[in-house]
Amino acid sequence: GEDVEQSLFLSVREGDSSVINCTYTDSSSTYLYWYKQEPGAGLQLLTYIFSNMDMKQDQRLTVLLNKKDKHLSLRIADTQTGDSAIYFCAGPTGNQGGKLIFGQGTELSVKP
Amino acid sequence: GAVVSQHPSWVICKSGTSVKIECRSLDFQATTMFWYRQFPKQSLMLMATSNEGSKATYEQGVEKDKFLINHASLTLSTLTVTSAHPEDSSFYICSARRRGGVRETQYFGPGTRLLVL
């Protein structure tokens, strides 16, 4: 079945760039998503990228998509302590009723 | 736009009681709502998909008689945990797909933490 994989932890210093990586298996994915979850909260949609794009930039966020390798990354420039959270990548499950499959989440820790 | 609310945010109940959680899309119509369960330090586990006016579709291993879902309107879905037991204690999150929105994009509520004593 479809699968989405992420590394579990990332630690960076404030002001550095963070790069969170994700791999997926479903080659029919149309849109791929990045969500952010702060402690005790729901998921906040950060950004998404359409599968015919290689890159999408939105302020401090840059999403790169390598469709050949099925690799997605989220770069956060000038990382701040407020960026500390869990980041989930997600993709559709073969278009079965609009369901999404989520990675395990990457816990980003930003040290001052 | 695309705000989803959940009520209550916290609930503590005795074993054997039923608990109802509401999920509302505040500023858009939701064609589909999803219910997830999340354990500490884990990813989201999809429980069921709910379409307005029709029966919910449950994921494998989720008891439909235990977790009753009602999707009465395009802005409201409810999840009722019936005869709750301590093992039902968890963080429950709903999400909604917007009518006319980008394909599978889901907007999430803030979650409901359930503690069953």
# chains A, B, ... in the order shown; residues from 1 in each chain; ligands from 1
call {"tool": "residues_around", "arguments": {"residues": "range 69-73 of chain B", "least_positions_apart": "5", "cutoff": "8 Å", "atoms": "only C-alpha atoms", "output": "mmCIF file with all heavy atoms, in the first residue's frame"}}
result
data_model
loop_
_atom_site.group_PDB
_atom_site.id
_atom_site.type_symbol
_atom_site.label_atom_id
_atom_site.label_comp_id
_atom_site.auth_asym_id
_atom_site.auth_seq_id
_atom_site.Cartn_x
_atom_site.Cartn_y
_atom_site.Cartn_z
ATOM 1 N N SER B 50 -16.575 10.936 6.652
ATOM 2 C CA SER B 50 -17.983 11.267 6.823
ATOM 3 C C SER B 50 -18.437 12.228 5.724
ATOM 4 O O SER B 50 -17.845 13.285 5.563
ATOM 5 C CB SER B 50 -18.139 11.927 8.205
ATOM 6 O OG SER B 50 -19.372 12.571 8.344
ATOM 7 N N ASN B 51 -19.446 11.821 4.969
ATOM 8 C CA ASN B 51 -20.012 12.692 3.943
ATOM 9 C C ASN B 51 -21.410 13.130 4.367
ATOM 10 O O ASN B 51 -22.176 12.330 4.911
ATOM 11 C CB ASN B 51 -20.098 11.957 2.604
ATOM 12 C CG ASN B 51 -18.730 11.715 2.014
ATOM 13 O OD1 ASN B 51 -18.020 12.640 1.659
ATOM 14 N ND2 ASN B 51 -18.342 10.467 1.940
ATOM 15 N N GLU B 52 -21.716 14.371 4.114
ATOM 16 C CA GLU B 52 -22.996 14.924 4.540
ATOM 17 C C GLU B 52 -24.154 14.133 3.962
ATOM 18 O O GLU B 52 -24.190 13.864 2.763
ATOM 19 C CB GLU B 52 -23.078 16.392 4.117
ATOM 20 C CG GLU B 52 -24.336 17.099 4.592
ATOM 21 C CD GLU B 52 -25.404 17.196 3.519
ATOM 22 O OE1 GLU B 52 -25.068 17.069 2.334
ATOM 23 O OE2 GLU B 52 -26.573 17.421 3.877
ATOM 24 N N GLY B 53 -25.049 13.721 4.843
ATOM 25 C CA GLY B 53 -26.254 13.036 4.417
ATOM 26 C C GLY B 53 -26.093 11.562 4.129
ATOM 27 O O GLY B 53 -27.053 10.912 3.707
ATOM 28 N N SER B 54 -24.910 11.021 4.334
ATOM 29 C CA SER B 54 -24.743 9.580 4.096
ATOM 30 C C SER B 54 -23.988 8.943 5.256
ATOM 31 O O SER B 54 -23.452 9.646 6.114
ATOM 32 C CB SER B 54 -24.022 9.327 2.774
ATOM 33 O OG SER B 54 -22.739 9.888 2.796
ATOM 34 N N LYS B 55 -23.971 7.639 5.237
ATOM 35 C CA LYS B 55 -23.314 6.924 6.337
ATOM 36 C C LYS B 55 -21.806 7.101 6.244
ATOM 37 O O LYS B 55 -21.242 7.160 5.155
ATOM 38 C CB LYS B 55 -23.648 5.434 6.266
ATOM 39 C CG LYS B 55 -25.066 5.102 6.674
ATOM 40 C CD LYS B 55 -25.272 3.597 6.680
ATOM 41 C CE LYS B 55 -26.700 3.265 7.109
ATOM 42 N NZ LYS B 55 -26.950 1.812 7.099
ATOM 43 N N ALA B 56 -21.191 7.106 7.404
ATOM 44 C CA ALA B 56 -19.731 7.232 7.442
ATOM 45 C C ALA B 56 -19.069 5.950 6.970
ATOM 46 O O ALA B 56 -19.629 4.854 7.105
ATOM 47 C CB ALA B 56 -19.287 7.559 8.862
ATOM 48 N N THR B 78 -20.486 15.021 13.976
ATOM 49 C CA THR B 78 -20.280 14.672 15.380
ATOM 50 C C THR B 78 -19.746 13.255 15.489
ATOM 51 O O THR B 78 -20.094 12.373 14.698
ATOM 52 C CB THR B 78 -21.577 14.785 16.204
ATOM 53 O OG1 THR B 78 -22.562 13.894 15.663
ATOM 54 C CG2 THR B 78 -22.105 16.202 16.198
ATOM 55 N N LEU B 79 -18.889 13.071 16.472
ATOM 56 C CA LEU B 79 -18.349 11.753 16.807
ATOM 57 C C LEU B 79 -18.789 11.450 18.228
ATOM 58 O O LEU B 79 -18.526 12.247 19.139
ATOM 59 C CB LEU B 79 -16.828 11.759 16.723
ATOM 60 C CG LEU B 79 -16.096 10.554 17.336
ATOM 61 C CD1 LEU B 79 -16.336 9.290 16.518
ATOM 62 C CD2 LEU B 79 -14.592 10.815 17.429
ATOM 63 N N THR B 80 -19.491 10.340 18.427
ATOM 64 C CA THR B 80 -19.894 9.927 19.758
ATOM 65 C C THR B 80 -19.143 8.668 20.133
ATOM 66 O O THR B 80 -19.252 7.654 19.436
ATOM 67 C CB THR B 80 -21.410 9.676 19.839
ATOM 68 O OG1 THR B 80 -22.105 10.873 19.472
ATOM 69 C CG2 THR B 80 -21.819 9.291 21.244
#
call {"tool": "interface_residues", "arguments": {"of": "chain A", "to": "chain B", "cutoff": "6 Å", "atoms": "only C-alpha atoms", "output": "list of chain:residue names"}}
result
A:Ala41, A:Gly42, A:Leu43, A:Gly98, A:Gln104
call {"tool": "write_last_selection", "arguments": {"atoms": "all heavy atoms", "output": "mmCIF file, in the first residue's frame"}}
result
data_model
loop_
_atom_site.group_PDB
_atom_site.id
_atom_site.type_symbol
_atom_site.label_atom_id
_atom_site.label_comp_id
_atom_site.auth_asym_id
_atom_site.auth_seq_id
_atom_site.Cartn_x
_atom_site.Cartn_y
_atom_site.Cartn_z
ATOM 1 N N ALA A 41 -2.248 20.800 19.958
ATOM 2 C CA ALA A 41 -3.092 21.486 18.972
ATOM 3 C C ALA A 41 -3.376 20.585 17.779
ATOM 4 O O ALA A 41 -2.807 19.502 17.644
ATOM 5 C CB ALA A 41 -2.404 22.766 18.511
ATOM 6 N N GLY A 42 -4.278 21.058 16.926
ATOM 7 C CA GLY A 42 -4.550 20.349 15.687
ATOM 8 C C GLY A 42 -3.464 20.630 14.673
ATOM 9 O O GLY A 42 -2.409 21.190 15.000
ATOM 10 N N LEU A 43 -3.707 20.233 13.435
ATOM 11 C CA LEU A 43 -2.716 20.433 12.378
ATOM 12 C C LEU A 43 -3.036 21.706 11.599
ATOM 13 O O LEU A 43 -4.180 21.964 11.239
ATOM 14 C CB LEU A 43 -2.708 19.244 11.413
ATOM 15 C CG LEU A 43 -1.819 18.074 11.800
ATOM 16 C CD1 LEU A 43 -2.352 17.378 13.026
ATOM 17 C CD2 LEU A 43 -1.707 17.094 10.649
ATOM 18 N N GLY A 98 -10.639 11.041 -1.213
ATOM 19 C CA GLY A 98 -9.968 12.239 -0.728
ATOM 20 C C GLY A 98 -9.180 12.045 0.546
ATOM 21 O O GLY A 98 -8.816 13.012 1.205
ATOM 22 N N GLN A 104 5.163 9.974 9.668
ATOM 23 C CA GLN A 104 5.205 9.820 11.133
ATOM 24 C C GLN A 104 5.381 11.156 11.843
ATOM 25 O O GLN A 104 5.181 11.252 13.049
ATOM 26 C CB GLN A 104 6.358 8.895 11.551
ATOM 27 C CG GLN A 104 6.393 7.570 10.830
ATOM 28 C CD GLN A 104 7.331 7.624 9.640
ATOM 29 O OE1 GLN A 104 7.238 8.538 8.793
ATOM 30 N NE2 GLN A 104 8.237 6.681 9.555
#
call {"tool": "select_by_dssp", "arguments": {"residues": "chain B", "states": "strand (DSSP E or B)", "output": "PyMOL selection string"}}
result
chain B and resi 4-7+10-13+19-25+30-38+44-51+57-58+67-73+76-81+90-98+106-108+112-116
call {"tool": "write_last_selection", "arguments": {"atoms": "C-alpha atoms", "output": "PDB file, in the first residue's frame"}}
result
ATOM      1  CA  VAL B   4     -12.566  24.333  11.726  1.00  0.00           C
ATOM      2  CA  SER B   5     -13.635  24.230  15.352  1.00  0.00           C
ATOM      3  CA  GLN B   6     -14.076  21.344  17.752  1.00  0.00           C
ATOM      4  CA  HIS B   7     -16.046  21.193  20.944  1.00  0.00           C
ATOM      5  CA  TRP B  10     -11.115  18.755  26.824  1.00  0.00           C
ATOM      6  CA  VAL B  11     -13.376  16.148  28.335  1.00  0.00           C
ATOM      7  CA  ILE B  12     -12.971  13.879  31.345  1.00  0.00           C
ATOM      8  CA  CYS B  13     -15.608  11.226  31.872  1.00  0.00           C
ATOM      9  CA  VAL B  19     -19.103  11.402  24.944  1.00  0.00           C
ATOM     10  CA  LYS B  20     -20.056  13.521  21.945  1.00  0.00           C
ATOM     11  CA  ILE B  21     -17.503  15.619  20.076  1.00  0.00           C
ATOM     12  CA  GLU B  22     -18.588  18.247  17.565  1.00  0.00           C
ATOM     13  CA  CYS B  23     -16.657  19.363  14.509  1.00  0.00           C
ATOM     14  CA  ARG B  24     -17.743  22.490  12.668  1.00  0.00           C
ATOM     15  CA  SER B  25     -16.492  24.236   9.577  1.00  0.00           C
ATOM     16  CA  ALA B  30     -17.419  20.869   3.974  1.00  0.00           C
ATOM     17  CA  THR B  31     -18.189  18.122   1.484  1.00  0.00           C
ATOM     18  CA  THR B  32     -16.345  15.601   3.581  1.00  0.00           C
ATOM     19  CA  MET B  33     -15.165  15.462   7.164  1.00  0.00           C
ATOM     20  CA  PHE B  34     -12.616  13.080   8.587  1.00  0.00           C
ATOM     21  CA  TRP B  35     -12.097  11.837  12.117  1.00  0.00           C
ATOM     22  CA  TYR B  36      -8.633  10.941  13.358  1.00  0.00           C
ATOM     23  CA  ARG B  37      -7.179   9.612  16.539  1.00  0.00           C
ATOM     24  CA  GLN B  38      -3.685  10.473  17.665  1.00  0.00           C
ATOM     25  CA  LEU B  44      -2.643  10.520  12.909  1.00  0.00           C
ATOM     26  CA  MET B  45      -4.741   7.400  12.543  1.00  0.00           C
ATOM     27  CA  LEU B  46      -7.778   7.849  10.309  1.00  0.00           C
ATOM     28  CA  MET B  47     -10.895   6.454  11.936  1.00  0.00           C
ATOM     29  CA  ALA B  48     -13.621   7.303   9.468  1.00  0.00           C
ATOM     30  CA  THR B  49     -14.698   9.455   6.552  1.00  0.00           C
ATOM     31  CA  SER B  50     -17.983  11.267   6.823  1.00  0.00           C
ATOM     32  CA  ASN B  51     -20.012  12.692   3.943  1.00  0.00           C
ATOM     33  CA  THR B  57     -17.074   4.952   6.016  1.00  0.00           C
ATOM     34  CA  TYR B  58     -14.979   3.402   8.750  1.00  0.00           C
ATOM     35  CA  PHE B  67     -17.616   5.390  17.402  1.00  0.00           C
ATOM     36  CA  LEU B  68     -20.863   6.789  16.047  1.00  0.00           C
ATOM     37  CA  ILE B  69     -20.527   9.470  13.411  1.00  0.00           C
ATOM     38  CA  ASN B  70     -23.281  11.771  12.251  1.00  0.00           C
ATOM     39  CA  HIS B  71     -22.837  14.322   9.496  1.00  0.00           C
ATOM     40  CA  ALA B  72     -26.083  16.230   9.599  1.00  0.00           C
ATOM     41  CA  SER B  73     -25.135  19.279   7.576  1.00  0.00           C
ATOM     42  CA  LEU B  76     -21.275  19.898  11.245  1.00  0.00           C
ATOM     43  CA  SER B  77     -20.136  16.374  11.994  1.00  0.00           C
ATOM     44  CA  THR B  78     -20.280  14.672  15.380  1.00  0.00           C
ATOM     45  CA  LEU B  79     -18.349  11.753  16.807  1.00  0.00           C
ATOM     46  CA  THR B  80     -19.894   9.927  19.758  1.00  0.00           C
ATOM     47  CA  VAL B  81     -17.698   7.577  21.744  1.00  0.00           C
ATOM     48  CA  SER B  90      -6.805   9.805  23.256  1.00  0.00           C
ATOM     49  CA  PHE B  91      -6.580  12.995  21.219  1.00  0.00           C
ATOM     50  CA  TYR B  92      -9.341  13.120  18.617  1.00  0.00           C
ATOM     51  CA  ILE B  93      -8.948  15.462  15.664  1.00  0.00           C
ATOM     52  CA  CYS B  94     -11.382  16.212  12.888  1.00  0.00           C
ATOM     53  CA  SER B  95     -10.694  17.725   9.511  1.00  0.00           C
ATOM     54  CA  ALA B  96     -12.828  19.022   6.670  1.00  0.00           C
ATOM     55  CA  ARG B  97     -12.514  19.208   2.925  1.00  0.00           C
ATOM     56  CA  ARG B  98     -13.797  22.399   1.442  1.00  0.00           C
ATOM     57  CA  GLN B 106      -7.942  19.054   4.598  1.00  0.00           C
ATOM     58  CA  TYR B 107      -8.342  21.732   7.239  1.00  0.00           C
ATOM     59  CA  PHE B 108      -8.020  20.548  10.795  1.00  0.00           C
ATOM     60  CA  THR B 112     -10.358  17.160  21.597  1.00  0.00           C
ATOM     61  CA  ARG B 113      -8.520  15.446  24.411  1.00  0.00           C
ATOM     62  CA  LEU B 114     -10.571  12.670  25.987  1.00  0.00           C
ATOM     63  CA  LEU B 115      -9.657  11.134  29.309  1.00  0.00           C
ATOM     64  CA  VAL B 116     -11.749   8.216  30.514  1.00  0.00           C
TER      65      VAL B 116
END
call {"tool": "residues_around", "arguments": {"residues": "range 78-88 of chain A", "least_positions_apart": "5", "cutoff": "6 Å", "atoms": "only C-alpha atoms", "output": "ChimeraX atom specification"}}
result
/A:14-17,34-38,103,105-110
call {"tool": "residues_around", "arguments": {"residues": "Asp54 in chain A", "least_positions_apart": "3", "cutoff": "10 Å", "atoms": "only C-alpha atoms", "output": "list of chain:residue names"}}
result
A:Ile49, A:Phe50, A:Ser51, A:Val63, A:Leu64, A:Leu65, A:Asn66, A:Lys67, A:Leu72
